[in-house]
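Q: Mind having a look at this structure? Questions to follow.
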Amino acid sequence: MTLIATQSLTKTYGGRVTALADLTVAVEPGIVGLVGANGAGKSTFIKIMLGLLAPTSGQVRVLDLDPTTDAAAVRARVGYMPEHDCLPPDLSAAEFVTHLGRVSGLPRTIARERASEALRHVGLYEERYRQIGGYSTGMKQRVKLAQALVHDPDLLLLDEPTNGLDPAGRDAMLALIHRIGTEFGISVLVCSHLLGEVERICDSLVAIDGGRLLRSDHISAMTEATDVLAVEVSEGTDELAARLVALDLPVRREGRLLLVPLASDGTYDLILTAVAELDLPLHRLDQRRHRVAELFATREVASVHA
């Protein structure tokens with residue numbers, strides 16, 4: 001079953017500001033990244049999928065339901081983690097998540113059990129009776145994730161889930177999202193402007209720019225190998241670059257990397273021989289892969305030349 005499908009979906013505000021423009025896309029189950037710069041229309045798209053905003057025109061279906069006419073049924077099967085906090089500081093995480101479970105229609109006892117289970121999954125079981133006001137930013141993000149999980153949804157919509165986290169906190173949150181998507185049987189849509197994070201955990205990606213679809217595809221297709229070798233040595237980079245140029249290999253520097261066009265399998269041998277003869281510690285030698293960020297870089301270049 002298609003997870004999310006839109007047809008010519010458009011949303012304008014006041015007839016002048018266009019948040020989404022003629023968006024047509026089909027999203028399959030899995031861990032999906034919804035990426036774009038701030039203001040690209042990502043949050044508007046999420047609110048339309050939840051039935052919180054009505055589209056100006058076009059169609060949208062979530063889990064084969066229409067959120068414009070059956071929003072309650074959609075929200076019963078979807079968990080939503082908003083970008084911004086609106087957490088009650090004087091409630092414990094257990095009380096808050098239990099309450100959201102009750103709002104979702106769970107009986108009191110089951111809501112309490114599900115809340116404890118959800119808080120255990122996000123790593124807050126031992127802290128579940130502490131008031132949320134005393135939590136760190138990372139713990140508050142985990143509470144928001146727990147309340148999205150409490151009613152056992154088929155789909156999670158996560159809006160900037162790593163917002164405000166330090167690098168260690170981001171890594172932990174991404175690992176948790178990946179585990180939910182791979183072990184819990186729940187599809188996840190991760191809305192983010194941090195493209196590197198999406199590449200790490202997502203199976204597929206929907207990229208939008210200015211409210212329009214830029215590309216929708218599997219991550220593997222967007223990060224396919226290029227015909228360029230990336231070479232990195234722990235020391236002696238300049239020395240190696242000079243040797244490769246002497247061997248008539250075109251070399252381009254990018255930080256600590258040396259980028260060499262892969263003309264044939266013999267290119268590998270020439271590089272390895274040069275490294276061995278110079279007795280340099282080889283850290284990396286592999287085919288460079290495209291990055292998701294290049295989608296937007298290409299778009300910016302095209303706009304400049306238009």
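Residues are referred to by chain and number: the chain letter is A, B, ... according to the order shown in the structure tokens, the number counts from 1 in that chain, and ligands are numbered separately from 1 in the order shown.
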Show me, as CSV, the residues of region 170-208 of chain A having an atom within 9 Å of region 29-46 of chain A, each with the closest atom pair and its distance in Å, using only C-alpha atoms.
A:
residue,atom,partner,partner_atom,distance
A:Ile177,CA,A:Ile31,CA,8.7
A:His178,CA,A:Ile31,CA,7.6
A:Gly181,CA,A:Ile31,CA,5.9
A:Thr182,CA,A:Gly30,CA,8.0
A:Gly185,CA,A:Gly30,CA,8.6
A:Ile186,CA,A:Gly30,CA,7.6
A:Ser187,CA,A:Gly30,CA,4.8
A:Val188,CA,A:Ile31,CA,4.7
A:Leu189,CA,A:Val32,CA,4.8
A:Val190,CA,A:Gly33,CA,4.8
A:Cys191,CA,A:Leu34,CA,4.6
A:Ser192,CA,A:Val35,CA,5.3
A:His193,CA,A:Gly36,CA,5.4
A:Leu194,CA,A:Val35,CA,7.7
A:Leu195,CA,A:Val35,CA,6.9
A:Val198,CA,A:Gly33,CA,5.7
A:Glu199,CA,A:Gly33,CA,8.2
A:Ile201,CA,A:Ile31,CA,7.3
A:Cys202,CA,A:Ile31,CA,4.9
A:Asp203,CA,A:Ile31,CA,5.4
A:Ser204,CA,A:Val32,CA,5.0
A:Leu205,CA,A:Gly33,CA,4.5
A:Val206,CA,A:Leu34,CA,4.9
A:Ala207,CA,A:Val35,CA,4.9
A:Ile208,CA,A:Gly36,CA,5.3
Q: Output C-alpha atoms for every residue in that selection, as a CSV table (one decimal), in the first residue's frame.
A:
chain,number,residue,atom,x,y,z
A,177,ILE,CA,14.4,6.8,14.8
A,178,HIS,CA,16.2,4.2,12.7
A,181,GLY,CA,11.6,2.3,11.6
A,182,THR,CA,13.4,-1.0,11.2
A,185,GLY,CA,7.2,-2.1,11.8
A,186,ILE,CA,6.3,1.6,11.8
A,187,SER,CA,6.9,3.8,8.7
A,188,VAL,CA,8.5,7.1,9.5
A,189,LEU,CA,8.5,10.4,7.7
A,190,VAL,CA,11.4,12.6,8.9
A,191,CYS,CA,11.1,16.2,8.0
A,192,SER,CA,14.5,18.0,8.2
A,193,HIS,CA,16.6,20.6,6.6
A,194,LEU,CA,19.8,18.8,7.7
A,195,LEU,CA,20.5,16.6,4.6
A,198,VAL,CA,18.5,12.1,6.3
A,199,GLU,CA,21.2,10.3,4.2
A,201,ILE,CA,18.9,6.8,8.3
A,202,CYS,CA,16.4,7.0,5.4
A,203,ASP,CA,15.5,4.5,2.7
A,204,SER,CA,14.0,7.1,0.4
A,205,LEU,CA,13.7,10.8,0.1
A,206,VAL,CA,11.3,13.5,-1.1
A,207,ALA,CA,13.0,16.8,-1.8
A,208,ILE,CA,10.9,20.0,-2.2
Q: Check the DSSP output for the backbone and give back, as a ChimeraX atom specification, the residues of region 53-287 of chain A in helix (DSSP H, G or I).
A: /A:71-77,93-103,108-121,125-127,132-134,137-149,167-183,195-201,219-222,237-246,266-277
Q: From a DSSP calculation on the backbone, collect every residue of region 24-118 of chain A in strand (DSSP E or B) and output the set as a ChimeraX atom specification.
A: /A:24-27,31-35,57-62,65,78-81,92
Q: Which of these, A:Leu155, A:Phe96, A:Glu126, A:Leu229, has the shortest distance to Leu3 (chain A) once you count only C-alpha atoms?
A: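 Nearest to Leu3 (chain A): A:Leu155.
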Q: Just how far from CA of Asp66 (chain A) is CA of Ile110 (chain A), in Å to one decimal?
A: 28.3 Å
Q: Which residue out of A:Ala172, A:Met81, A:Leu91, A:Ala5 has the minimum interatomic distance to Asp159 (chain A) when only C-alpha atoms are used?
A: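 Among A:Ala172, A:Met81, A:Leu91, A:Ala5, it is A:Met81 that comes nearest to Asp159 (chain A).
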Q: For Ala71 (chain A), which residue among A:Leu50, A:Tyr13, A:Ser234, A:Ala21 is the nearest when counting only C-alpha atoms?
A: A:Leu50
Q: Which residues are near Gly101 (chain A)? Cut-off 12 Å, only C-alpha atoms, ignore same chain within fewer than 2 positions. Put them as a PyMOL selection string.
A: chain A and resi 76+79+94-99+103-118+146-153
Q: Between CA of Thr56 (chain A) and CA of Gly14 (chain A), measure the distance and give it in Å to one decimal.
A: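 Separation between CA of Thr56 (chain A) and CA of Gly14 (chain A): 10.3 Å.
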Q: Between CA of Pro161 (chain A) and CA of Ile180 (chain A), what is the spacing in Å?
A: 13.4 Å
Q: Val260 (chain A): which residues within 10 Å, counting only C-alpha atoms, same-chain residues fewer than 4 positions away excluded, as a list in words?
A: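 Here the qualifying residues turn out to be Asp227, Val228, Leu229, Ala230, Val231, Ala241, Leu244, Val245, Leu249, Pro250, Val251, Arg252, Arg253, Thr267, Tyr268, Ile271, Gln287 and Arg288 of chain A.
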Q: Write the residues of the selection above to a file with all heavy atoms, as a compact mmCIF listing (two decimals), in the first residue's frame.
A:
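What ended up in out_6.txt:
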# COMPACT_ATOMS: atom_id res chain seq x y z
N ASP A 227 32.29 8.52 -11.05
CA ASP A 227 33.51 8.04 -11.69
C ASP A 227 34.72 8.82 -11.17
O ASP A 227 35.60 9.22 -11.94
CB ASP A 227 33.39 8.19 -13.21
CG ASP A 227 32.36 7.24 -13.80
OD1 ASP A 227 32.20 6.14 -13.23
OD2 ASP A 227 31.73 7.60 -14.79
N VAL A 228 34.75 9.02 -9.86
CA VAL A 228 35.84 9.75 -9.22
C VAL A 228 36.30 8.96 -8.00
O VAL A 228 35.47 8.49 -7.21
CB VAL A 228 35.40 11.17 -8.80
CG1 VAL A 228 36.51 11.87 -8.02
CG2 VAL A 228 35.01 11.99 -10.01
N LEU A 229 37.61 8.80 -7.85
CA LEU A 229 38.17 8.15 -6.67
C LEU A 229 38.53 9.19 -5.63
O LEU A 229 39.10 10.23 -5.95
CB LEU A 229 39.42 7.35 -7.04
CG LEU A 229 39.22 6.09 -7.88
CD1 LEU A 229 40.57 5.46 -8.23
CD2 LEU A 229 38.34 5.08 -7.16
N ALA A 230 38.17 8.90 -4.38
CA ALA A 230 38.54 9.76 -3.26
C ALA A 230 39.70 9.10 -2.52
O ALA A 230 39.59 7.94 -2.10
CB ALA A 230 37.35 9.96 -2.33
N VAL A 231 40.79 9.83 -2.40
CA VAL A 231 42.00 9.31 -1.76
C VAL A 231 42.33 10.18 -0.55
O VAL A 231 42.34 11.41 -0.65
CB VAL A 231 43.21 9.33 -2.72
CG1 VAL A 231 44.38 8.58 -2.11
CG2 VAL A 231 42.84 8.76 -4.09
N ALA A 241 49.95 14.08 -3.94
CA ALA A 241 49.35 14.82 -5.06
C ALA A 241 50.38 15.07 -6.15
O ALA A 241 50.10 14.90 -7.35
CB ALA A 241 48.76 16.14 -4.56
N LEU A 244 51.09 11.82 -8.06
CA LEU A 244 49.99 11.45 -8.97
C LEU A 244 49.98 12.33 -10.22
O LEU A 244 49.73 11.86 -11.34
CB LEU A 244 48.65 11.53 -8.25
CG LEU A 244 48.46 10.54 -7.08
CD1 LEU A 244 47.11 10.76 -6.41
CD2 LEU A 244 48.60 9.10 -7.54
N VAL A 245 50.26 13.62 -10.04
CA VAL A 245 50.35 14.52 -11.19
C VAL A 245 51.50 14.09 -12.11
O VAL A 245 51.37 14.11 -13.34
CB VAL A 245 50.53 15.97 -10.73
CG1 VAL A 245 50.88 16.87 -11.91
CG2 VAL A 245 49.26 16.48 -10.04
N LEU A 249 48.01 11.77 -13.78
CA LEU A 249 46.66 11.62 -13.24
C LEU A 249 46.14 13.00 -12.82
O LEU A 249 46.78 13.67 -12.01
CB LEU A 249 46.64 10.68 -12.03
CG LEU A 249 46.94 9.21 -12.30
CD1 LEU A 249 46.98 8.44 -10.98
CD2 LEU A 249 45.89 8.60 -13.24
N PRO A 250 45.00 13.46 -13.35
CA PRO A 250 44.43 14.74 -12.92
C PRO A 250 44.02 14.65 -11.45
O PRO A 250 43.36 13.69 -11.03
CB PRO A 250 43.20 14.91 -13.81
CG PRO A 250 43.39 13.94 -14.94
CD PRO A 250 44.18 12.81 -14.39
N VAL A 251 44.43 15.61 -10.65
CA VAL A 251 44.16 15.59 -9.21
C VAL A 251 43.50 16.91 -8.80
O VAL A 251 43.93 17.99 -9.20
CB VAL A 251 45.46 15.40 -8.40
CG1 VAL A 251 45.15 15.45 -6.90
CG2 VAL A 251 46.13 14.10 -8.77
N ARG A 252 42.44 16.79 -8.01
CA ARG A 252 41.78 17.97 -7.46
C ARG A 252 41.71 17.83 -5.95
O ARG A 252 41.35 16.77 -5.42
CB ARG A 252 40.37 18.10 -8.06
CG ARG A 252 39.59 19.30 -7.54
CD ARG A 252 38.38 19.59 -8.45
NE ARG A 252 37.47 18.45 -8.51
CZ ARG A 252 36.46 18.27 -7.66
NH1 ARG A 252 36.26 19.11 -6.66
NH2 ARG A 252 35.66 17.22 -7.79
N ARG A 253 42.09 18.91 -5.24
CA ARG A 253 42.06 18.89 -3.78
C ARG A 253 40.69 19.33 -3.26
O ARG A 253 40.08 20.25 -3.78
CB ARG A 253 43.11 19.86 -3.21
CG ARG A 253 44.55 19.41 -3.33
CD ARG A 253 44.87 18.28 -2.37
NE ARG A 253 44.80 18.65 -0.99
CZ ARG A 253 45.85 19.08 -0.26
NH1 ARG A 253 47.05 19.18 -0.83
NH2 ARG A 253 45.71 19.38 1.00
N THR A 267 43.76 2.80 -12.66
CA THR A 267 43.91 3.99 -11.82
C THR A 267 44.10 3.60 -10.36
O THR A 267 44.92 4.20 -9.64
CB THR A 267 42.67 4.91 -11.97
OG1 THR A 267 42.45 5.18 -13.34
CG2 THR A 267 42.87 6.21 -11.22
N TYR A 268 43.36 2.59 -9.91
CA TYR A 268 43.54 2.09 -8.55
C TYR A 268 44.99 1.67 -8.33
O TYR A 268 45.62 2.03 -7.33
CB TYR A 268 42.63 0.88 -8.30
CG TYR A 268 41.21 1.18 -7.93
CD1 TYR A 268 40.19 1.05 -8.88
CD2 TYR A 268 40.86 1.55 -6.64
CE1 TYR A 268 38.86 1.30 -8.54
CE2 TYR A 268 39.54 1.79 -6.30
CZ TYR A 268 38.54 1.67 -7.25
OH TYR A 268 37.24 1.92 -6.90
N ILE A 271 47.51 4.54 -8.00
CA ILE A 271 47.41 5.24 -6.72
C ILE A 271 48.02 4.40 -5.60
O ILE A 271 48.81 4.89 -4.77
CB ILE A 271 45.95 5.59 -6.40
CG1 ILE A 271 45.42 6.61 -7.43
CG2 ILE A 271 45.81 6.14 -4.98
CD1 ILE A 271 43.92 6.86 -7.33
N GLN A 287 35.41 4.87 -4.43
CA GLN A 287 34.67 5.72 -5.36
C GLN A 287 33.82 6.71 -4.59
O GLN A 287 33.11 6.33 -3.65
CB GLN A 287 33.78 4.87 -6.27
CG GLN A 287 34.51 4.25 -7.45
CD GLN A 287 33.55 3.52 -8.37
OE1 GLN A 287 33.43 2.31 -8.28
NE2 GLN A 287 32.88 4.25 -9.24
N ARG A 288 33.91 7.95 -4.99
CA ARG A 288 33.12 8.97 -4.34
C ARG A 288 31.65 8.79 -4.71
O ARG A 288 31.33 8.40 -5.83
CB ARG A 288 33.58 10.36 -4.76
CG ARG A 288 33.12 11.44 -3.81
CD ARG A 288 33.69 12.76 -4.19
NE ARG A 288 33.51 13.70 -3.11
CZ ARG A 288 33.34 15.00 -3.30
NH1 ARG A 288 33.33 15.49 -4.51
NH2 ARG A 288 33.20 15.81 -2.28
Q: Which of these, A:Ile48, A:Ser264, A:Leu278, A:Leu272, has the shortest distance to Ala242 (chain A) once you count only C-alpha atoms?
A: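 Closest residue, counting only C-alpha atoms: A:Leu278.
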Q: Which residues, written as a PDB file with N, CA and C atoms, in the first residue's frame, have at least one atom at most 12 Å from Gly169 (chain A), with only C-alpha atoms counted and residues fewer than 6 positions away on the same chain left out?
A:
ATOM      1  N   SER A 136      16.234  18.064  30.186  1.00  0.00           N
ATOM      2  CA  SER A 136      17.105  18.704  29.200  1.00  0.00           C
ATOM      3  C   SER A 136      16.375  18.765  27.857  1.00  0.00           C
ATOM      4  N   THR A 137      16.961  19.494  26.908  1.00  0.00           N
ATOM      5  CA  THR A 137      16.350  19.596  25.576  1.00  0.00           C
ATOM      6  C   THR A 137      16.219  18.222  24.927  1.00  0.00           C
ATOM      7  N   GLY A 138      17.266  17.401  25.054  1.00  0.00           N
ATOM      8  CA  GLY A 138      17.218  16.066  24.476  1.00  0.00           C
ATOM      9  C   GLY A 138      16.126  15.203  25.077  1.00  0.00           C
ATOM     10  N   MET A 139      15.926  15.304  26.400  1.00  0.00           N
ATOM     11  CA  MET A 139      14.876  14.535  27.061  1.00  0.00           C
ATOM     12  C   MET A 139      13.496  15.007  26.629  1.00  0.00           C
ATOM     13  N   LYS A 140      13.338  16.321  26.431  1.00  0.00           N
ATOM     14  CA  LYS A 140      12.052  16.843  25.970  1.00  0.00           C
ATOM     15  C   LYS A 140      11.735  16.344  24.565  1.00  0.00           C
ATOM     16  N   GLN A 141      12.753  16.273  23.718  1.00  0.00           N
ATOM     17  CA  GLN A 141      12.532  15.728  22.376  1.00  0.00           C
ATOM     18  C   GLN A 141      12.075  14.272  22.450  1.00  0.00           C
ATOM     19  N   ARG A 142      12.616  13.533  23.394  1.00  0.00           N
ATOM     20  CA  ARG A 142      12.237  12.124  23.547  1.00  0.00           C
ATOM     21  C   ARG A 142      10.813  11.986  24.091  1.00  0.00           C
ATOM     22  N   PRO A 161      13.128  16.445  14.168  1.00  0.00           N
ATOM     23  CA  PRO A 161      13.272  15.739  15.453  1.00  0.00           C
ATOM     24  C   PRO A 161      14.589  15.999  16.178  1.00  0.00           C
ATOM     25  N   THR A 162      15.619  16.493  15.480  1.00  0.00           N
ATOM     26  CA  THR A 162      16.899  16.748  16.145  1.00  0.00           C
ATOM     27  C   THR A 162      17.077  18.224  16.487  1.00  0.00           C
ATOM     28  N   ASN A 163      15.997  18.982  16.394  1.00  0.00           N
ATOM     29  CA  ASN A 163      16.056  20.419  16.643  1.00  0.00           C
ATOM     30  C   ASN A 163      16.602  20.722  18.037  1.00  0.00           C
ATOM     31  N   ALA A 175      19.619   7.360  15.816  1.00  0.00           N
ATOM     32  CA  ALA A 175      19.685   5.916  16.050  1.00  0.00           C
ATOM     33  C   ALA A 175      18.338   5.393  16.543  1.00  0.00           C
ATOM     34  N   LEU A 176      17.679   6.159  17.389  1.00  0.00           N
ATOM     35  CA  LEU A 176      16.372   5.768  17.918  1.00  0.00           C
ATOM     36  C   LEU A 176      15.323   5.738  16.807  1.00  0.00           C
TER      37      LEU A 176
END
Q: Using only C-alpha atoms, which protein or nucleic acid residues come within 10 Å of Val25 (chain A)? Drop anything in the same chain fewer than 3 positions from it, and give the result as a list in words.
A: Ile4, Ala5, Thr6, Gln7, Ser8, Leu9, Asp22, Val60, Val206, Leu213, Arg215 and Ser216 of chain A
